[in-house]
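Student: Got a file for you: input-v8.tsv, TSV, N, CA and C atoms.
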```tsv
chain	number	residue	atom	x	y	z
A	1	MET	N	130.18	86.77	37.49
A	1	MET	CA	129.95	85.71	38.47
A	1	MET	C	131.28	85.21	39.02
A	2	GLU	N	131.36	85.12	40.31
A	2	GLU	CA	132.61	84.69	40.95
A	2	GLU	C	132.80	83.18	40.81
A	3	LYS	N	134.03	82.78	40.55
A	3	LYS	CA	134.33	81.35	40.42
A	3	LYS	C	134.38	80.71	41.80
A	4	PRO	N	133.95	79.45	41.89
A	4	PRO	CA	133.97	78.78	43.19
A	4	PRO	C	135.41	78.51	43.65
A	5	ARG	N	135.62	78.49	44.94
A	5	ARG	CA	136.92	78.14	45.51
A	5	ARG	C	136.91	76.64	45.74
A	6	TYR	N	137.88	75.97	45.19
A	6	TYR	CA	137.98	74.52	45.36
A	6	TYR	C	138.64	74.19	46.69
A	7	LYS	N	138.10	73.19	47.34
A	7	LYS	CA	138.70	72.69	48.58
A	7	LYS	C	139.75	71.65	48.15
A	8	ILE	N	140.90	71.67	48.80
A	8	ILE	CA	141.96	70.73	48.44
A	8	ILE	C	142.00	69.60	49.46
A	9	LYS	N	141.85	68.38	48.96
A	9	LYS	CA	141.93	67.18	49.80
A	9	LYS	C	143.18	66.41	49.40
A	10	LEU	N	143.83	65.80	50.38
A	10	LEU	CA	145.06	65.06	50.12
A	10	LEU	C	144.88	63.57	50.39
A	11	HIS	N	145.49	62.76	49.55
A	11	HIS	CA	145.56	61.32	49.82
A	11	HIS	C	146.38	61.19	51.11
A	12	PRO	N	146.02	60.28	52.02
A	12	PRO	CA	146.76	60.15	53.29
A	12	PRO	C	148.28	59.97	53.10
A	13	ALA	N	148.68	59.29	52.04
A	13	ALA	CA	150.11	59.06	51.81
A	13	ALA	C	150.84	60.35	51.44
A	14	VAL	N	150.13	61.33	50.91
A	14	VAL	CA	150.77	62.62	50.61
A	14	VAL	C	151.24	63.25	51.92
A	15	ILE	N	150.41	63.12	52.94
A	15	ILE	CA	150.74	63.69	54.25
A	15	ILE	C	151.80	62.85	54.96
A	16	HIS	N	151.61	61.55	54.97
A	16	HIS	CA	152.49	60.67	55.77
A	16	HIS	C	153.77	60.24	55.09
A	17	LYS	N	153.82	60.27	53.77
A	17	LYS	CA	155.02	59.82	53.06
A	17	LYS	C	155.64	60.90	52.20
A	18	ASP	N	154.87	61.43	51.25
A	18	ASP	CA	155.43	62.39	50.29
A	18	ASP	C	156.04	63.60	50.99
A	19	SER	N	155.31	64.18	51.92
A	19	SER	CA	155.77	65.42	52.55
A	19	SER	C	157.04	65.22	53.38
A	20	LYS	N	157.28	64.00	53.83
A	20	LYS	CA	158.47	63.72	54.64
A	20	LYS	C	159.75	63.77	53.80
A	21	ARG	N	159.61	63.70	52.49
A	21	ARG	CA	160.78	63.70	51.61
A	21	ARG	C	161.34	65.09	51.33
A	22	PHE	N	160.61	66.11	51.75
A	22	PHE	CA	161.04	67.48	51.46
A	22	PHE	C	161.37	68.22	52.74
A	23	ASP	N	162.32	69.16	52.63
A	23	ASP	CA	162.60	70.00	53.79
A	23	ASP	C	161.44	70.97	53.98
A	24	SER	N	161.39	71.62	55.12
A	24	SER	CA	160.22	72.45	55.45
A	24	SER	C	160.03	73.62	54.48
A	25	VAL	N	161.12	74.20	53.98
A	25	VAL	CA	161.00	75.32	53.04
A	25	VAL	C	160.37	74.85	51.73
A	26	THR	N	160.84	73.72	51.21
A	26	THR	CA	160.30	73.16	49.97
A	26	THR	C	158.84	72.79	50.15
A	27	LYS	N	158.54	72.13	51.27
A	27	LYS	CA	157.17	71.72	51.57
A	27	LYS	C	156.23	72.93	51.56
A	28	GLU	N	156.67	74.00	52.19
A	28	GLU	CA	155.85	75.21	52.28
A	28	GLU	C	155.65	75.83	50.89
A	29	LYS	N	156.70	75.83	50.06
A	29	LYS	CA	156.59	76.38	48.70
A	29	LYS	C	155.60	75.58	47.86
A	30	ILE	N	155.68	74.25	47.97
A	30	ILE	CA	154.77	73.38	47.21
A	30	ILE	C	153.33	73.61	47.67
A	31	LYS	N	153.15	73.65	48.98
A	31	LYS	CA	151.82	73.86	49.56
A	31	LYS	C	151.23	75.19	49.08
A	32	LYS	N	152.04	76.23	49.13
A	32	LYS	CA	151.59	77.57	48.73
A	32	LYS	C	151.19	77.58	47.25
A	33	LYS	N	152.01	76.97	46.40
A	33	LYS	CA	151.73	76.90	44.97
A	33	LYS	C	150.44	76.14	44.71
A	34	CYS	N	150.25	75.02	45.40
A	34	CYS	CA	149.03	74.23	45.23
A	34	CYS	C	147.79	75.03	45.60
A	35	ILE	N	147.85	75.72	46.72
A	35	ILE	CA	146.71	76.52	47.16
A	35	ILE	C	146.45	77.64	46.15
A	36	GLU	N	147.51	78.30	45.73
A	36	GLU	CA	147.40	79.42	44.79
A	36	GLU	C	146.81	78.99	43.44
A	37	LEU	N	147.31	77.88	42.90
A	37	LEU	CA	146.92	77.48	41.55
A	37	LEU	C	145.71	76.54	41.48
A	38	LEU	N	145.51	75.73	42.52
A	38	LEU	CA	144.46	74.72	42.44
A	38	LEU	C	143.14	75.11	43.09
A	39	SER	N	143.15	76.13	43.94
A	39	SER	CA	141.90	76.45	44.63
A	39	SER	C	140.95	77.30	43.79
A	40	SER	N	141.45	77.94	42.73
A	40	SER	CA	140.53	78.75	41.93
A	40	SER	C	140.21	78.15	40.56
A	41	GLU	N	141.21	77.83	39.75
A	41	GLU	CA	140.94	77.26	38.43
A	41	GLU	C	141.85	76.05	38.19
A	42	PRO	N	141.56	74.96	38.88
A	42	PRO	CA	142.47	73.80	38.82
A	42	PRO	C	142.62	73.17	37.45
A	43	GLU	N	141.61	73.31	36.61
A	43	GLU	CA	141.71	72.70	35.27
A	43	GLU	C	142.61	73.50	34.35
A	44	LYS	N	142.82	74.76	34.65
A	44	LYS	CA	143.72	75.57	33.84
A	44	LYS	C	145.15	75.47	34.35
A	45	ALA	N	145.31	75.07	35.61
A	45	ALA	CA	146.63	75.07	36.24
A	45	ALA	C	147.54	73.94	35.75
A	46	GLY	N	146.97	72.76	35.54
A	46	GLY	CA	147.80	71.62	35.18
A	46	GLY	C	147.45	71.04	33.83
A	47	GLU	N	148.26	70.08	33.42
A	47	GLU	CA	148.04	69.41	32.14
A	47	GLU	C	147.42	68.03	32.37
A	48	PRO	N	146.53	67.61	31.46
A	48	PRO	CA	145.93	66.28	31.62
A	48	PRO	C	146.97	65.17	31.43
A	49	LEU	N	146.79	64.11	32.19
A	49	LEU	CA	147.65	62.93	32.05
A	49	LEU	C	146.97	61.94	31.11
A	50	LEU	N	147.73	60.97	30.65
A	50	LEU	CA	147.21	59.98	29.71
A	50	LEU	C	147.21	58.58	30.33
A	51	GLY	N	146.67	57.63	29.59
A	51	GLY	CA	146.71	56.23	30.03
A	51	GLY	C	145.89	56.00	31.28
A	52	PRO	N	146.40	55.16	32.19
A	52	PRO	CA	145.63	54.80	33.39
A	52	PRO	C	145.39	55.99	34.32
A	53	LEU	N	146.12	57.08	34.13
A	53	LEU	CA	145.93	58.27	34.98
A	53	LEU	C	145.16	59.36	34.24
A	54	LYS	N	144.38	58.97	33.22
A	54	LYS	CA	143.73	59.98	32.38
A	54	LYS	C	142.69	60.84	33.10
A	55	GLN	N	142.20	60.42	34.26
A	55	GLN	CA	141.26	61.29	35.00
A	55	GLN	C	142.02	62.31	35.85
A	56	TYR	N	143.34	62.22	35.81
A	56	TYR	CA	144.19	63.08	36.63
A	56	TYR	C	144.93	64.10	35.78
A	57	ARG	N	145.48	65.07	36.48
A	57	ARG	CA	146.27	66.12	35.83
A	57	ARG	C	147.59	66.24	36.58
A	58	LYS	N	148.56	66.89	35.93
A	58	LYS	CA	149.83	67.13	36.63
A	58	LYS	C	150.06	68.62	36.72
A	59	LEU	N	150.53	69.02	37.86
A	59	LEU	CA	150.89	70.41	38.08
A	59	LEU	C	152.40	70.44	38.24
A	60	LYS	N	153.05	71.28	37.44
A	60	LYS	CA	154.50	71.44	37.55
A	60	LYS	C	154.76	72.54	38.57
A	61	VAL	N	155.56	72.22	39.57
A	61	VAL	CA	155.89	73.20	40.59
A	61	VAL	C	157.40	73.40	40.58
A	62	PHE	N	157.84	74.61	40.24
A	62	PHE	CA	159.26	74.97	40.22
A	62	PHE	C	160.11	74.02	39.38
A	63	ASN	N	159.58	73.54	38.29
A	63	ASN	CA	160.32	72.69	37.36
A	63	ASN	C	160.78	71.35	37.92
A	64	ASP	N	160.95	71.24	39.24
A	64	ASP	CA	161.51	70.03	39.84
A	64	ASP	C	160.47	69.10	40.44
A	65	TYR	N	159.28	69.59	40.70
A	65	TYR	CA	158.28	68.81	41.42
A	65	TYR	C	157.01	68.65	40.59
A	66	ARG	N	156.32	67.54	40.84
A	66	ARG	CA	155.04	67.28	40.18
A	66	ARG	C	153.99	66.96	41.23
A	67	VAL	N	152.79	67.47	40.99
A	67	VAL	CA	151.64	67.17	41.83
A	67	VAL	C	150.62	66.49	40.92
A	68	VAL	N	150.20	65.28	41.29
A	68	VAL	CA	149.20	64.55	40.51
A	68	VAL	C	147.87	64.74	41.22
A	69	TYR	N	146.88	65.29	40.49
A	69	TYR	CA	145.61	65.61	41.14
A	69	TYR	C	144.43	65.37	40.19
A	70	ARG	N	143.24	65.31	40.81
A	70	ARG	CA	141.99	65.13	40.07
A	70	ARG	C	141.02	66.23	40.51
A	71	VAL	N	140.29	66.76	39.55
A	71	VAL	CA	139.30	67.79	39.85
A	71	VAL	C	137.93	67.13	39.94
A	72	GLU	N	137.25	67.34	41.04
A	72	GLU	CA	135.89	66.83	41.22
A	72	GLU	C	134.95	68.03	41.22
A	73	ARG	N	134.50	68.40	40.01
A	73	ARG	CA	133.72	69.63	39.82
A	73	ARG	C	132.45	69.68	40.66
A	74	HIS	N	131.71	68.58	40.70
A	74	HIS	CA	130.43	68.58	41.41
A	74	HIS	C	130.58	68.86	42.89
A	75	GLU	N	131.70	68.39	43.45
A	75	GLU	CA	131.91	68.59	44.89
A	75	GLU	C	132.81	69.78	45.17
A	76	ILE	N	133.30	70.42	44.11
A	76	ILE	CA	134.23	71.55	44.22
A	76	ILE	C	135.44	71.15	45.08
A	77	ILE	N	136.06	70.05	44.65
A	77	ILE	CA	137.22	69.50	45.38
A	77	ILE	C	138.34	69.21	44.39
A	78	VAL	N	139.55	69.44	44.83
A	78	VAL	CA	140.74	69.00	44.11
A	78	VAL	C	141.37	67.93	45.01
A	79	PHE	N	141.51	66.73	44.46
A	79	PHE	CA	142.08	65.61	45.23
A	79	PHE	C	143.51	65.38	44.77
A	80	ILE	N	144.47	65.60	45.67
A	80	ILE	CA	145.88	65.40	45.34
A	80	ILE	C	146.26	63.97	45.71
A	81	LEU	N	146.66	63.23	44.69
A	81	LEU	CA	146.99	61.82	44.84
A	81	LEU	C	148.46	61.60	45.19
A	82	ALA	N	149.36	62.39	44.60
A	82	ALA	CA	150.79	62.20	44.85
A	82	ALA	C	151.55	63.49	44.59
A	83	VAL	N	152.65	63.66	45.34
A	83	VAL	CA	153.56	64.78	45.15
A	83	VAL	C	154.96	64.20	45.13
A	84	GLY	N	155.74	64.57	44.13
A	84	GLY	CA	157.09	64.01	44.07
A	84	GLY	C	158.03	64.83	43.22
A	85	ILE	N	159.28	64.40	43.24
A	85	ILE	CA	160.31	65.04	42.44
A	85	ILE	C	160.18	64.56	41.01
A	86	ARG	N	160.43	65.43	40.07
A	86	ARG	CA	160.33	65.10	38.65
A	86	ARG	C	161.56	64.28	38.26
A	87	ARG	N	161.59	63.04	38.68
A	87	ARG	CA	162.70	62.15	38.39
A	87	ARG	C	162.12	60.96	37.63
A	88	ASP	N	162.50	60.83	36.37
A	88	ASP	CA	161.93	59.79	35.51
A	88	ASP	C	160.40	59.87	35.60
A	89	ALA	N	159.76	58.75	35.84
A	89	ALA	CA	158.29	58.77	35.95
A	89	ALA	C	157.90	58.38	37.38
A	90	GLU	N	158.80	58.60	38.31
A	90	GLU	CA	158.63	58.16	39.70
A	90	GLU	C	157.29	58.58	40.32
A	91	VAL	N	156.94	59.85	40.20
A	91	VAL	CA	155.72	60.34	40.85
A	91	VAL	C	154.47	59.72	40.21
A	92	TYR	N	154.55	59.41	38.92
A	92	TYR	CA	153.39	58.81	38.24
A	92	TYR	C	153.24	57.33	38.62
A	93	GLU	N	154.37	56.64	38.80
A	93	GLU	CA	154.33	55.25	39.26
A	93	GLU	C	153.75	55.18	40.67
A	94	LEU	N	154.15	56.14	41.49
A	94	LEU	CA	153.63	56.23	42.86
A	94	LEU	C	152.12	56.45	42.83
A	95	ALA	N	151.66	57.35	41.97
A	95	ALA	CA	150.23	57.64	41.85
A	95	ALA	C	149.47	56.39	41.41
A	96	LEU	N	150.01	55.67	40.44
A	96	LEU	CA	149.37	54.44	39.96
A	96	LEU	C	149.25	53.39	41.05
A	97	LYS	N	150.31	53.23	41.83
A	97	LYS	CA	150.27	52.26	42.94
A	97	LYS	C	149.16	52.62	43.92
A	98	ARG	N	149.02	53.90	44.21
A	98	ARG	CA	147.97	54.34	45.15
A	98	ARG	C	146.59	54.12	44.57
A	99	LEU	N	146.45	54.34	43.29
A	99	LEU	CA	145.15	54.10	42.64
A	99	LEU	C	144.78	52.63	42.67
A	100	ASN	N	145.74	51.78	42.43
A	100	ASN	CA	145.49	50.34	42.39
A	100	ASN	C	145.20	49.74	43.76
A	101	LYS	N	145.57	50.44	44.82
A	101	LYS	CA	145.29	49.96	46.18
A	101	LYS	C	143.84	50.22	46.58
A	102	ASN	N	143.23	51.21	45.93
A	102	ASN	CA	141.84	51.57	46.30
A	102	ASN	C	140.83	50.58	45.76
```
If you took the structure in this file and wrote it as structure tokens, what would it be?
Tutor:
Amino acid sequence: MEKPRYKIKLHPAVIHKDSKRFDSVTKEKIKKKCIELLSSEPEKAGEPLLGPLKQYRKLKVFNDYRVVYRVERHEIIVFILAVGIRRDAEVYELALKRLNKN
């Protein structure tokens, strides 16, 4: 049986803020990795997060970047909440702020 292809949805701030922090080559690499790893088996691609982000997972991209995402199995969707550089806990703080605004 073929596995379903997950549709990838982005938080608006990923498009309007996060992506502006990267040059076009980096942006394209991150995008390609996300599509490659998250559209088929997103739960195997990343590691679960803990605490207030426990419904989310993190995907390590090229050691330097993190993608915070949630898998919505029933809708076959991967929701990307934040993308950032692996600097301290910056990307996770950003994800928490976005969650608290909703």
Student: Counting only C-alpha atoms, figure out which residue out of A:Lys27, A:Arg57, A:Arg5, A:Lys32 gets nearest to Ile80 (chain A).
Tutor: A:Arg57
Student: Run DSSP on the backbone and give me the residues of region 18-82 of chain A it puts in strand (DSSP E), as a list of chain:residue names.
Tutor: A:Glu47, A:Pro48, A:Arg57, A:Lys58, A:Leu59, A:Lys60, A:Val61, A:Tyr65, A:Arg66, A:Val67, A:Val68, A:Tyr69, A:Arg70, A:Val71, A:Glu72, A:Ile77, A:Val78, A:Phe79, A:Ile80, A:Leu81, A:Ala82
Student: I'd like the interatomic distance between CA of Ile77 (chain A) and CA of Leu53 (chain A), to a tenth of an Å.
Tutor: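 CA of Leu53 (chain A) lies 17.6 Å from CA of Ile77 (chain A).
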Student: Mind checking which residues fall within 7 Å of region 92-96 of chain A, counting only C-alpha atoms, ignoring those fewer than 4 positions away in the same chain, and posting them as a list in words?
Tutor: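 Once the nearby chain positions are removed, what remains is Leu81, Ala82 and Asn100 of chain A.
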Student: Once you count only C-alpha atoms, what closest atom pair and distance in Å to one decimal does each residue of region 7-34 of chain A within 12 Å of region 61-73 of chain A have, with rows by chain and rising residue number, as CSV?
Tutor:
```
residue,atom,partner,partner_atom,distance
A:Lys7,CA,A:Glu72,CA,9.8
A:Ile8,CA,A:Val71,CA,9.5
A:Lys9,CA,A:Tyr69,CA,9.5
A:Leu10,CA,A:Tyr69,CA,9.0
A:His11,CA,A:Tyr69,CA,9.7
A:Val14,CA,A:Val67,CA,9.9
A:Asp18,CA,A:Val67,CA,10.4
A:Ser19,CA,A:Val67,CA,11.6
A:Arg21,CA,A:Tyr65,CA,11.7
A:Phe22,CA,A:Tyr65,CA,10.5
A:Thr26,CA,A:Tyr65,CA,9.8
A:Lys27,CA,A:Tyr65,CA,10.6
A:Glu28,CA,A:Val61,CA,11.9
A:Lys29,CA,A:Val61,CA,8.7
A:Ile30,CA,A:Val61,CA,6.7
A:Lys31,CA,A:Val61,CA,9.9
A:Lys32,CA,A:Val61,CA,10.2
A:Lys33,CA,A:Val61,CA,7.1
A:Cys34,CA,A:Val67,CA,8.3
```
Student: Pull the neighbourhood of (151.4, 70.3, 35.5) for me: all residues within 6 Å in file coordinates, counting only N, CA and C atoms, as an MDAnalysis selection string.
Tutor: chainID A and resid 45:47 57:60
Student: So that I have them on file, write out the residues from the current selection with N, CA and C atoms, as a short mmCIF file (atom, residue, chain, number, x, y, z; two decimals), in the frame of the given file.
Tutor:
```cif
data_model
loop_
_atom_site.label_atom_id
_atom_site.label_comp_id
_atom_site.auth_asym_id
_atom_site.auth_seq_id
_atom_site.Cartn_x
_atom_site.Cartn_y
_atom_site.Cartn_z
N ALA A 45 145.31 75.07 35.61
CA ALA A 45 146.63 75.07 36.24
C ALA A 45 147.54 73.94 35.75
N GLY A 46 146.97 72.76 35.54
CA GLY A 46 147.80 71.62 35.18
C GLY A 46 147.45 71.04 33.83
N GLU A 47 148.26 70.08 33.42
CA GLU A 47 148.04 69.41 32.14
C GLU A 47 147.42 68.03 32.37
N ARG A 57 145.48 65.07 36.48
CA ARG A 57 146.27 66.12 35.83
C ARG A 57 147.59 66.24 36.58
N LYS A 58 148.56 66.89 35.93
CA LYS A 58 149.83 67.13 36.63
C LYS A 58 150.06 68.62 36.72
N LEU A 59 150.53 69.02 37.86
CA LEU A 59 150.89 70.41 38.08
C LEU A 59 152.40 70.44 38.24
N LYS A 60 153.05 71.28 37.44
CA LYS A 60 154.50 71.44 37.55
C LYS A 60 154.76 72.54 38.57
#
```
Student: Which of these residues is nearest to Glu36 (chain A), using only C-alpha atoms: A:Tyr6, A:Glu90, A:His74, A:Ile85?
Tutor: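 Between A:Tyr6, A:Glu90, A:His74, A:Ile85, the residue approaching Glu36 (chain A) most closely is A:Tyr6.
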